[in-house]
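start_33.pdb (PDB, C-alpha atoms and all ligand atoms) appears below.
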MODEL        1
ATOM      1  CA  MET I 257     -11.180 -32.047  14.049  1.00  0.00           C
ATOM      2  CA  ASP I 258      -9.415 -34.041  11.315  1.00  0.00           C
ATOM      3  CA  SER I 259      -7.253 -32.320   8.763  1.00  0.00           C
ATOM      4  CA  ILE I 260      -8.842 -31.607   5.378  1.00  0.00           C
ATOM      5  CA  ILE I 261      -5.715 -32.490   3.396  1.00  0.00           C
ATOM      6  CA  ARG I 262      -2.782 -34.598   4.557  1.00  0.00           C
ATOM      7  CA  LEU I 263       0.051 -35.428   2.159  1.00  0.00           C
ATOM      8  CA  LYS I 264       2.748 -37.737   3.480  1.00  0.00           C
ATOM      9  CA  ASP I 265       6.159 -38.302   1.950  1.00  0.00           C
ATOM     10  CA  ILE I 266       5.088 -37.330  -1.562  1.00  0.00           C
ATOM     11  CA  SER I 267       7.650 -37.561  -4.361  1.00  0.00           C
ATOM     12  CA  PHE I 268       6.833 -36.646  -7.931  1.00  0.00           C
ATOM     13  CA  ALA I 269       8.703 -36.782 -11.235  1.00  0.00           C
ATOM     14  CA  TYR I 270       7.557 -36.122 -14.820  1.00  0.00           C
ATOM     15  CA  ASN I 271       9.097 -39.059 -16.684  1.00  0.00           C
ATOM     16  CA  LYS I 272      12.587 -38.950 -15.187  1.00  0.00           C
ATOM     17  CA  LYS I 273      12.583 -35.278 -14.203  1.00  0.00           C
ATOM     18  CA  MET I 274      12.226 -35.073 -10.400  1.00  0.00           C
ATOM     19  CA  VAL I 275      10.042 -32.144  -9.265  1.00  0.00           C
ATOM     20  CA  PHE I 276       9.978 -32.676  -5.503  1.00  0.00           C
ATOM     21  CA  GLN I 277      10.766 -35.313  -2.929  1.00  0.00           C
ATOM     22  CA  ASN I 278       9.475 -36.357   0.505  1.00  0.00           C
ATOM     23  CA  VAL I 279       6.899 -33.591   0.776  1.00  0.00           C
ATOM     24  CA  ASP I 280       4.602 -33.506   3.814  1.00  0.00           C
ATOM     25  CA  PHE I 281       1.753 -30.994   3.689  1.00  0.00           C
ATOM     26  CA  VAL I 282      -1.270 -30.584   5.945  1.00  0.00           C
ATOM     27  CA  VAL I 283      -4.268 -28.283   5.633  1.00  0.00           C
ATOM     28  CA  ASN I 284      -6.451 -28.092   8.726  1.00  0.00           C
ATOM     29  CA  PRO I 285      -9.976 -26.634   8.815  1.00  0.00           C
ATOM     30  CA  GLY I 286      -9.798 -22.838   9.065  1.00  0.00           C
ATOM     31  CA  GLU I 287      -6.242 -22.572   7.762  1.00  0.00           C
ATOM     32  CA  ARG I 288      -5.404 -19.932   5.153  1.00  0.00           C
ATOM     33  CA  ILE I 289      -2.197 -21.024   3.513  1.00  0.00           C
ATOM     34  CA  GLY I 290       0.059 -19.371   0.970  1.00  0.00           C
ATOM     35  CA  LEU I 291       2.336 -21.412  -1.283  1.00  0.00           C
ATOM     36  CA  ILE I 292       5.184 -19.600  -3.007  1.00  0.00           C
ATOM     37  CA  GLY I 293       8.269 -20.680  -4.930  1.00  0.00           C
ATOM     38  CA  PRO I 294      10.149 -20.005  -8.158  1.00  0.00           C
ATOM     39  CA  ASN I 295       8.774 -20.780 -11.626  1.00  0.00           C
ATOM     40  CA  GLY I 296       8.908 -24.492 -12.216  1.00  0.00           C
ATOM     41  CA  SER I 297       9.337 -25.428  -8.546  1.00  0.00           C
ATOM     42  CA  GLY I 298       6.220 -27.621  -8.625  1.00  0.00           C
ATOM     43  CA  LYS I 299       3.443 -25.566  -7.004  1.00  0.00           C
ATOM     44  CA  THR I 300       0.873 -26.351  -9.706  1.00  0.00           C
ATOM     45  CA  THR I 301       2.003 -29.967  -9.723  1.00  0.00           C
ATOM     46  CA  LEU I 302       1.401 -30.196  -5.954  1.00  0.00           C
ATOM     47  CA  LEU I 303      -2.166 -28.839  -6.264  1.00  0.00           C
ATOM     48  CA  GLN I 304      -2.876 -31.238  -9.129  1.00  0.00           C
ATOM     49  CA  ILE I 305      -1.702 -34.147  -6.984  1.00  0.00           C
ATOM     50  CA  ILE I 306      -4.166 -33.142  -4.240  1.00  0.00           C
ATOM     51  CA  MET I 307      -6.990 -33.099  -6.822  1.00  0.00           C
ATOM     52  CA  GLY I 308      -5.955 -36.516  -8.201  1.00  0.00           C
ATOM     53  CA  LEU I 309      -5.081 -35.052 -11.613  1.00  0.00           C
ATOM     54  CA  LEU I 310      -1.505 -36.320 -11.287  1.00  0.00           C
ATOM     55  CA  LYS I 311      -0.353 -39.439  -9.440  1.00  0.00           C
ATOM     56  CA  PRO I 312       2.785 -39.262  -7.295  1.00  0.00           C
ATOM     57  CA  GLN I 313       5.375 -42.045  -7.547  1.00  0.00           C
ATOM     58  CA  ARG I 314       5.573 -42.190  -3.783  1.00  0.00           C
ATOM     59  CA  GLY I 315       3.601 -41.140  -0.719  1.00  0.00           C
ATOM     60  CA  THR I 316       0.006 -41.000   0.467  1.00  0.00           C
ATOM     61  CA  ILE I 317      -2.842 -38.548  -0.014  1.00  0.00           C
ATOM     62  CA  GLU I 318      -5.532 -38.289   2.626  1.00  0.00           C
ATOM     63  CA  VAL I 319      -8.447 -35.918   2.061  1.00  0.00           C
ATOM     64  CA  PHE I 320     -11.413 -35.569   4.447  1.00  0.00           C
ATOM     65  CA  GLY I 321      -9.958 -38.359   6.563  1.00  0.00           C
ATOM     66  CA  LYS I 322      -9.849 -40.947   3.742  1.00  0.00           C
ATOM     67  CA  MET I 323      -6.932 -42.296   1.752  1.00  0.00           C
ATOM     68  CA  ARG I 324      -7.296 -41.347  -1.916  1.00  0.00           C
ATOM     69  CA  LYS I 325      -5.746 -43.542  -4.589  1.00  0.00           C
ATOM     70  CA  THR I 326      -8.097 -44.354  -7.434  1.00  0.00           C
ATOM     71  CA  ASP I 327      -9.980 -41.977  -9.733  1.00  0.00           C
ATOM     72  CA  ALA I 328     -13.175 -42.967  -7.926  1.00  0.00           C
ATOM     73  CA  ASP I 329     -11.612 -41.865  -4.592  1.00  0.00           C
ATOM     74  CA  PHE I 330     -10.994 -38.409  -6.049  1.00  0.00           C
ATOM     75  CA  LEU I 331     -14.583 -37.794  -7.222  1.00  0.00           C
ATOM     76  CA  GLU I 332     -15.585 -36.622  -3.741  1.00  0.00           C
ATOM     77  CA  VAL I 333     -12.401 -34.537  -3.509  1.00  0.00           C
ATOM     78  CA  ARG I 334     -13.249 -32.741  -6.761  1.00  0.00           C
ATOM     79  CA  ARG I 335     -16.826 -32.084  -5.612  1.00  0.00           C
ATOM     80  CA  LYS I 336     -15.841 -30.617  -2.265  1.00  0.00           C
ATOM     81  CA  ILE I 337     -12.547 -28.884  -2.971  1.00  0.00           C
ATOM     82  CA  GLY I 338     -12.659 -25.936  -5.328  1.00  0.00           C
ATOM     83  CA  PHE I 339      -9.668 -25.863  -7.666  1.00  0.00           C
ATOM     84  CA  LEU I 340      -8.800 -22.749  -9.663  1.00  0.00           C
ATOM     85  CA  PHE I 341      -6.545 -23.748 -12.573  1.00  0.00           C
ATOM     86  CA  GLN I 342      -3.535 -21.540 -13.280  1.00  0.00           C
ATOM     87  CA  ASN I 343      -4.745 -21.308 -16.876  1.00  0.00           C
ATOM     88  CA  SER I 344      -8.402 -20.199 -17.014  1.00  0.00           C
ATOM     89  CA  GLU I 345      -8.781 -21.740 -20.484  1.00  0.00           C
ATOM     90  CA  ASN I 346      -8.679 -25.145 -18.756  1.00  0.00           C
ATOM     91  CA  GLN I 347     -11.584 -24.214 -16.511  1.00  0.00           C
ATOM     92  CA  LEU I 348     -14.079 -22.704 -18.945  1.00  0.00           C
ATOM     93  CA  PHE I 349     -15.818 -24.888 -21.482  1.00  0.00           C
ATOM     94  CA  CYS I 350     -19.409 -23.650 -21.867  1.00  0.00           C
ATOM     95  CA  PRO I 351     -20.575 -21.221 -24.574  1.00  0.00           C
ATOM     96  CA  THR I 352     -21.558 -18.430 -22.150  1.00  0.00           C
ATOM     97  CA  VAL I 353     -20.456 -17.077 -18.772  1.00  0.00           C
ATOM     98  CA  LYS I 354     -23.833 -17.899 -17.213  1.00  0.00           C
ATOM     99  CA  GLU I 355     -23.683 -21.528 -18.356  1.00  0.00           C
ATOM    100  CA  ASP I 356     -20.124 -21.948 -17.112  1.00  0.00           C
ATOM    101  CA  ILE I 357     -21.003 -20.649 -13.627  1.00  0.00           C
ATOM    102  CA  ALA I 358     -24.268 -22.641 -13.460  1.00  0.00           C
ATOM    103  CA  PHE I 359     -22.595 -25.870 -14.599  1.00  0.00           C
ATOM    104  CA  GLY I 360     -21.210 -26.859 -11.164  1.00  0.00           C
ATOM    105  CA  PRO I 361     -24.368 -26.150  -9.146  1.00  0.00           C
ATOM    106  CA  LEU I 362     -26.530 -28.004 -11.731  1.00  0.00           C
ATOM    107  CA  ASN I 363     -24.107 -30.910 -11.572  1.00  0.00           C
ATOM    108  CA  LEU I 364     -24.499 -30.975  -7.793  1.00  0.00           C
ATOM    109  CA  GLY I 365     -28.260 -31.402  -8.288  1.00  0.00           C
ATOM    110  CA  LYS I 366     -29.469 -27.816  -7.837  1.00  0.00           C
ATOM    111  CA  SER I 367     -32.629 -26.750  -9.714  1.00  0.00           C
ATOM    112  CA  LYS I 368     -32.338 -24.385 -12.683  1.00  0.00           C
ATOM    113  CA  ASP I 369     -33.805 -21.516 -10.622  1.00  0.00           C
ATOM    114  CA  GLU I 370     -31.409 -22.147  -7.748  1.00  0.00           C
ATOM    115  CA  ALA I 371     -28.458 -22.357 -10.154  1.00  0.00           C
ATOM    116  CA  LEU I 372     -29.459 -19.015 -11.728  1.00  0.00           C
ATOM    117  CA  ARG I 373     -29.722 -17.475  -8.259  1.00  0.00           C
ATOM    118  CA  ILE I 374     -26.187 -18.687  -7.515  1.00  0.00           C
ATOM    119  CA  VAL I 375     -24.968 -17.244 -10.849  1.00  0.00           C
ATOM    120  CA  LYS I 376     -26.400 -13.835  -9.871  1.00  0.00           C
ATOM    121  CA  GLU I 377     -24.986 -13.996  -6.339  1.00  0.00           C
ATOM    122  CA  THR I 378     -21.520 -15.017  -7.585  1.00  0.00           C
ATOM    123  CA  CYS I 379     -21.472 -12.327 -10.289  1.00  0.00           C
ATOM    124  CA  ASP I 380     -22.388  -9.740  -7.610  1.00  0.00           C
ATOM    125  CA  ILE I 381     -19.491 -10.887  -5.403  1.00  0.00           C
ATOM    126  CA  LEU I 382     -16.911 -10.687  -8.197  1.00  0.00           C
ATOM    127  CA  GLY I 383     -18.300  -7.678 -10.090  1.00  0.00           C
ATOM    128  CA  LEU I 384     -19.222  -9.710 -13.145  1.00  0.00           C
ATOM    129  CA  ASN I 385     -22.732  -8.316 -13.548  1.00  0.00           C
ATOM    130  CA  GLY I 386     -23.552  -7.593 -17.148  1.00  0.00           C
ATOM    131  CA  LEU I 387     -21.195 -10.272 -18.463  1.00  0.00           C
ATOM    132  CA  GLU I 388     -23.565 -13.202 -17.835  1.00  0.00           C
ATOM    133  CA  ASP I 389     -24.586 -13.630 -21.459  1.00  0.00           C
ATOM    134  CA  MET I 390     -21.150 -12.993 -22.943  1.00  0.00           C
ATOM    135  CA  VAL I 391     -19.445 -15.682 -24.990  1.00  0.00           C
ATOM    136  CA  THR I 392     -16.716 -16.938 -22.657  1.00  0.00           C
ATOM    137  CA  HIS I 393     -13.912 -17.238 -25.187  1.00  0.00           C
ATOM    138  CA  LYS I 394     -14.335 -13.581 -26.185  1.00  0.00           C
ATOM    139  CA  LEU I 395     -13.623 -12.286 -22.667  1.00  0.00           C
ATOM    140  CA  SER I 396     -10.387 -10.532 -21.712  1.00  0.00           C
ATOM    141  CA  GLY I 397      -7.743 -12.410 -19.719  1.00  0.00           C
ATOM    142  CA  GLY I 398      -8.751 -10.818 -16.412  1.00  0.00           C
ATOM    143  CA  GLU I 399     -12.456 -11.384 -17.096  1.00  0.00           C
ATOM    144  CA  LYS I 400     -11.760 -15.056 -17.856  1.00  0.00           C
ATOM    145  CA  ARG I 401      -9.873 -15.374 -14.572  1.00  0.00           C
ATOM    146  CA  LEU I 402     -12.832 -13.900 -12.663  1.00  0.00           C
ATOM    147  CA  VAL I 403     -15.310 -16.186 -14.418  1.00  0.00           C
ATOM    148  CA  ALA I 404     -13.076 -19.179 -13.650  1.00  0.00           C
ATOM    149  CA  LEU I 405     -13.044 -18.089 -10.011  1.00  0.00           C
ATOM    150  CA  ALA I 406     -16.825 -17.672 -10.146  1.00  0.00           C
ATOM    151  CA  THR I 407     -17.241 -21.281 -11.328  1.00  0.00           C
ATOM    152  CA  VAL I 408     -15.236 -22.390  -8.277  1.00  0.00           C
ATOM    153  CA  ILE I 409     -17.087 -20.161  -5.772  1.00  0.00           C
ATOM    154  CA  ALA I 410     -20.463 -21.249  -7.191  1.00  0.00           C
ATOM    155  CA  MET I 411     -19.744 -24.816  -6.021  1.00  0.00           C
ATOM    156  CA  LYS I 412     -19.497 -23.571  -2.407  1.00  0.00           C
ATOM    157  CA  PRO I 413     -16.503 -25.803  -1.728  1.00  0.00           C
ATOM    158  CA  LEU I 414     -15.340 -26.689   1.783  1.00  0.00           C
ATOM    159  CA  CYS I 415     -11.775 -25.788   0.842  1.00  0.00           C
ATOM    160  CA  PHE I 416     -10.189 -23.885  -2.051  1.00  0.00           C
ATOM    161  CA  LEU I 417      -6.960 -24.521  -3.942  1.00  0.00           C
ATOM    162  CA  LEU I 418      -6.316 -21.373  -5.948  1.00  0.00           C
ATOM    163  CA  ASP I 419      -3.494 -21.302  -8.481  1.00  0.00           C
ATOM    164  CA  GLU I 420      -2.589 -17.648  -9.147  1.00  0.00           C
ATOM    165  CA  PRO I 421      -6.011 -16.126  -8.351  1.00  0.00           C
ATOM    166  CA  SER I 422      -4.836 -12.510  -8.737  1.00  0.00           C
ATOM    167  CA  ALA I 423      -3.036 -12.958 -12.078  1.00  0.00           C
ATOM    168  CA  GLU I 424      -4.265 -10.448 -14.673  1.00  0.00           C
ATOM    169  CA  LEU I 425      -6.686  -8.797 -12.222  1.00  0.00           C
ATOM    170  CA  ASP I 426      -6.953  -5.042 -11.695  1.00  0.00           C
ATOM    171  CA  GLU I 427      -6.845  -3.475  -8.210  1.00  0.00           C
ATOM    172  CA  ASP I 428     -10.626  -3.406  -7.721  1.00  0.00           C
ATOM    173  CA  ALA I 429     -11.007  -7.019  -8.792  1.00  0.00           C
ATOM    174  CA  ILE I 430      -8.177  -8.054  -6.448  1.00  0.00           C
ATOM    175  CA  GLU I 431      -9.934  -6.266  -3.576  1.00  0.00           C
ATOM    176  CA  ARG I 432     -13.194  -8.098  -4.357  1.00  0.00           C
ATOM    177  CA  VAL I 433     -11.431 -11.468  -4.402  1.00  0.00           C
ATOM    178  CA  LEU I 434      -9.606 -10.690  -1.148  1.00  0.00           C
ATOM    179  CA  SER I 435     -12.791  -9.543   0.508  1.00  0.00           C
ATOM    180  CA  TYR I 436     -14.573 -12.749  -0.564  1.00  0.00           C
ATOM    181  CA  LEU I 437     -11.744 -14.944   0.712  1.00  0.00           C
ATOM    182  CA  LYS I 438     -11.495 -13.165   4.047  1.00  0.00           C
ATOM    183  CA  ASN I 439     -15.214 -13.022   4.729  1.00  0.00           C
ATOM    184  CA  TYR I 440     -16.613 -16.188   3.192  1.00  0.00           C
ATOM    185  CA  ALA I 441     -13.860 -18.733   2.602  1.00  0.00           C
ATOM    186  CA  SER I 442     -12.462 -20.303   5.719  1.00  0.00           C
ATOM    187  CA  THR I 443      -9.948 -22.812   4.404  1.00  0.00           C
ATOM    188  CA  TYR I 444      -7.733 -22.366   1.380  1.00  0.00           C
ATOM    189  CA  VAL I 445      -4.337 -22.694  -0.257  1.00  0.00           C
ATOM    190  CA  VAL I 446      -3.303 -19.821  -2.504  1.00  0.00           C
ATOM    191  CA  VAL I 447      -0.404 -20.179  -4.930  1.00  0.00           C
ATOM    192  CA  SER I 448       0.881 -16.808  -6.062  1.00  0.00           C
ATOM    193  CA  HIS I 449       3.846 -14.731  -7.144  1.00  0.00           C
ATOM    194  CA  ASP I 450       1.934 -11.652  -5.926  1.00  0.00           C
ATOM    195  CA  LYS I 451       3.515 -10.949  -2.528  1.00  0.00           C
ATOM    196  CA  ARG I 452       0.955  -8.344  -1.520  1.00  0.00           C
ATOM    197  CA  PHE I 453      -1.927 -10.710  -2.315  1.00  0.00           C
ATOM    198  CA  ILE I 454      -0.333 -13.616  -0.420  1.00  0.00           C
ATOM    199  CA  GLU I 455       0.343 -11.430   2.601  1.00  0.00           C
ATOM    200  CA  ALA I 456      -3.187 -10.041   2.632  1.00  0.00           C
ATOM    201  CA  ALA I 457      -4.936 -13.383   2.070  1.00  0.00           C
ATOM    202  CA  THR I 458      -2.940 -15.886   4.086  1.00  0.00           C
ATOM    203  CA  GLU I 459      -1.605 -16.470   7.576  1.00  0.00           C
ATOM    204  CA  LYS I 460       0.843 -19.300   7.021  1.00  0.00           C
ATOM    205  CA  ILE I 461       3.241 -19.408   4.080  1.00  0.00           C
ATOM    206  CA  TYR I 462       5.124 -22.366   2.634  1.00  0.00           C
ATOM    207  CA  ILE I 463       7.889 -22.184   0.073  1.00  0.00           C
ATOM    208  CA  LEU I 464       8.546 -24.908  -2.493  1.00  0.00           C
ATOM    209  CA  LYS I 465      12.098 -24.704  -3.750  1.00  0.00           C
ATOM    210  CA  ASP I 466      14.801 -27.099  -4.937  1.00  0.00           C
ATOM    211  CA  GLY I 467      12.439 -30.048  -4.593  1.00  0.00           C
ATOM    212  CA  LYS I 468      11.627 -29.381  -0.924  1.00  0.00           C
ATOM    213  CA  LEU I 469       8.655 -27.813   0.830  1.00  0.00           C
ATOM    214  CA  ARG I 470       9.271 -25.806   3.964  1.00  0.00           C
ATOM    215  CA  LEU I 471       7.335 -23.482   6.223  1.00  0.00           C
ATOM    216  CA  LEU I 472       8.357 -19.842   5.812  1.00  0.00           C
ATOM    217  CA  THR I 473       6.189 -18.217   8.486  1.00  0.00           C
TER     218      THR I 473
HETATM  219  N1  LIG I 501       3.327 -32.307 -18.321  1.00  0.00           N
HETATM  220  C1  LIG I 501       4.613 -32.090 -18.019  1.00  0.00           C
HETATM  221  N2  LIG I 501       5.583 -32.860 -18.534  1.00  0.00           N
HETATM  222  C2  LIG I 501       6.882 -32.669 -18.221  1.00  0.00           C
HETATM  223  N3  LIG I 501       7.320 -31.722 -17.362  1.00  0.00           N
HETATM  224  C3  LIG I 501       6.371 -30.928 -16.815  1.00  0.00           C
HETATM  225  C4  LIG I 501       4.978 -31.068 -17.107  1.00  0.00           C
HETATM  226  N4  LIG I 501       4.303 -30.148 -16.418  1.00  0.00           N
HETATM  227  C5  LIG I 501       5.216 -29.456 -15.717  1.00  0.00           C
HETATM  228  N5  LIG I 501       6.473 -29.914 -15.955  1.00  0.00           N
HETATM  229  C6  LIG I 501       7.725 -29.431 -15.334  1.00  0.00           C
HETATM  230  O1  LIG I 501       7.637 -29.649 -13.937  1.00  0.00           O
HETATM  231  C7  LIG I 501       8.158 -28.551 -13.208  1.00  0.00           C
HETATM  232  C8  LIG I 501       7.109 -28.026 -12.241  1.00  0.00           C
HETATM  233  O2  LIG I 501       6.055 -27.422 -12.956  1.00  0.00           O
HETATM  234  P1  LIG I 501       4.873 -26.643 -12.230  1.00  0.00           P
HETATM  235  O3  LIG I 501       3.941 -26.206 -13.302  1.00  0.00           O
HETATM  236  O4  LIG I 501       4.318 -27.472 -11.145  1.00  0.00           O
HETATM  237  O5  LIG I 501       5.660 -25.388 -11.591  1.00  0.00           O
HETATM  238  P2  LIG I 501       5.099 -24.121 -10.831  1.00  0.00           P
HETATM  239  O6  LIG I 501       5.811 -24.026  -9.533  1.00  0.00           O
HETATM  240  O7  LIG I 501       3.620 -24.149 -10.800  1.00  0.00           O
HETATM  241  O8  LIG I 501       5.616 -22.922 -11.782  1.00  0.00           O
HETATM  242  P3  LIG I 501       4.967 -21.488 -12.138  1.00  0.00           P
HETATM  243  O9  LIG I 501       5.294 -20.580 -10.978  1.00  0.00           O
HETATM  244  O10 LIG I 501       5.686 -21.073 -13.382  1.00  0.00           O
HETATM  245  O11 LIG I 501       3.515 -21.680 -12.340  1.00  0.00           O
HETATM  246  C9  LIG I 501       8.623 -27.548 -14.254  1.00  0.00           C
HETATM  247  O12 LIG I 501       9.995 -27.669 -14.415  1.00  0.00           O
HETATM  248  C10 LIG I 501       7.878 -27.947 -15.516  1.00  0.00           C
HETATM  249  O13 LIG I 501       8.633 -27.656 -16.659  1.00  0.00           O
HETATM  250 MG    MG I 502       2.185 -22.996 -11.599  1.00  0.00          MG
ENDMDL
END

Transcribe the structure of this file into structure tokens.
Amino acid sequence: MDSIIRLKDISFAYNKKMVFQNVDFVVNPGERIGLIGPNGSGKTTLLQIIMGLLKPQRGTIEVFGKMRKTDADFLEVRRKIGFLFQNSENQLFCPTVKEDIAFGPLNLGKSKDEALRIVKETCDILGLNGLEDMVTHKLSGGEKRLVALATVIAMKPLCFLLDEPSAELDEDAIERVLSYLKNYASTYVVVSHDKRFIEAATEKIYILKDGKLRLLT
């Protein structure tokens, strides 16, 4: 089967500040990948390039077997790949938790009843029951992270790109996220500084450091 994501020879700089050069990165169906590296090494930047949120100065991006260049090319990518932002504030924009989680399914054409069923199912998975009617911006940091993750899971993506999924989560919440990933998510890239989480969730680990990406295990 074709790879889901294939980056070739990607170089990226913010203005004149080079972040990384000549990066090749492939995600095949069924792969559970960890991406580690020091603060500022470019992990978030790399995920944003895959989603088409940043454009590299050099290199090609192939997702689901198609070259992706224009914003229109990335619409399908954003529908089918679930991206958890490092900062949950960037992910949540509806008044309530329920509306935020239902937004993606409704946007994909699901009925209101079906969307509400997905909200319930997703809240059960992540232990968010009882928070459905809460005003999103009043939630705690960890609760916001879980709701952001819920909005991603609710889309039932074919592949996940998760930027620091365990940040601010307590032990029980981390276990729920791990259990979901292991049992229901087959293909994903997890960026994390949490070594225990990366080791438990992934089977192949890359390190981004000094502008280069290399396979660690
Ligand atoms: N919008 C921007 N404009 C200019 N420089 C930026 C911008 N966003 C990020 N950078 C710089 O690019 C580098 C890579 O940032 P990035 O957020 O990808 O790192 P990261 O590996 O995700 O770090 P962390 O582990 O802290 O999340 C950093 O040095 C950062 O300061
Ligand atoms: Mg980051």

Expand the PyMOL selection byres (((chain I and resi 379) around 10) and not hetatm) into the individual residues it matches in the shown file, reporting them as a PDB file with C-alpha atoms, in the coordinates of the input.
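Written output follows (selection.pdb):
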ATOM      1  CA  VAL I 353     -20.456 -17.077 -18.772  1.00  0.00           C
ATOM      2  CA  LYS I 354     -23.833 -17.899 -17.213  1.00  0.00           C
ATOM      3  CA  ILE I 357     -21.003 -20.649 -13.627  1.00  0.00           C
ATOM      4  CA  ARG I 373     -29.722 -17.475  -8.259  1.00  0.00           C
ATOM      5  CA  ILE I 374     -26.187 -18.687  -7.515  1.00  0.00           C
ATOM      6  CA  VAL I 375     -24.968 -17.244 -10.849  1.00  0.00           C
ATOM      7  CA  LYS I 376     -26.400 -13.835  -9.871  1.00  0.00           C
ATOM      8  CA  GLU I 377     -24.986 -13.996  -6.339  1.00  0.00           C
ATOM      9  CA  THR I 378     -21.520 -15.017  -7.585  1.00  0.00           C
ATOM     10  CA  ASP I 380     -22.388  -9.740  -7.610  1.00  0.00           C
ATOM     11  CA  ILE I 381     -19.491 -10.887  -5.403  1.00  0.00           C
ATOM     12  CA  LEU I 382     -16.911 -10.687  -8.197  1.00  0.00           C
ATOM     13  CA  GLY I 383     -18.300  -7.678 -10.090  1.00  0.00           C
ATOM     14  CA  LEU I 384     -19.222  -9.710 -13.145  1.00  0.00           C
ATOM     15  CA  ASN I 385     -22.732  -8.316 -13.548  1.00  0.00           C
ATOM     16  CA  GLY I 386     -23.552  -7.593 -17.148  1.00  0.00           C
ATOM     17  CA  LEU I 387     -21.195 -10.272 -18.463  1.00  0.00           C
ATOM     18  CA  GLU I 388     -23.565 -13.202 -17.835  1.00  0.00           C
ATOM     19  CA  LEU I 402     -12.832 -13.900 -12.663  1.00  0.00           C
ATOM     20  CA  VAL I 403     -15.310 -16.186 -14.418  1.00  0.00           C
ATOM     21  CA  ALA I 406     -16.825 -17.672 -10.146  1.00  0.00           C
ATOM     22  CA  THR I 407     -17.241 -21.281 -11.328  1.00  0.00           C
ATOM     23  CA  ALA I 410     -20.463 -21.249  -7.191  1.00  0.00           C
TER      24      ALA I 410
END

Do you know which residues the PyMOL selection byres (((chain I and resi 289-295) around 6) and not hetatm) returns on this file, as a PyMOL selection string?
chain I and resi 288+296-297+445-448+454+458+460-465

Record the distance separating CA of Asp419 in chain I and CA of Gly298 in chain I, expressed in Å with one decimal.
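Computed distance, CA of Asp419 in chain I to CA of Gly298 in chain I, equals 11.6 Å.
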
For the file shown, what are the residues hit by the PyMOL selection byres (((chain I and resi 276) around 9) and not hetatm), laid out as a VMD selection string?
chain I and resid 266 to 269 274 to 275 277 to 279 297 to 298 302 464 to 469

Write out as a list of chain:residue names the residues lying within 12 Å of Leu434 in chain I, counting all atoms listed in the file and excluding same-chain residues fewer than 2 positions away.
I:Arg288, I:Ile381, I:Leu382, I:Pro421, I:Ser422, I:Leu425, I:Glu427, I:Asp428, I:Ala429, I:Ile430, I:Glu431, I:Arg432, I:Tyr436, I:Leu437, I:Lys438, I:Asn439, I:Tyr440, I:Ala441, I:Val446, I:Arg452, I:Phe453, I:Ile454, I:Glu455, I:Ala456, I:Ala457, I:Thr458
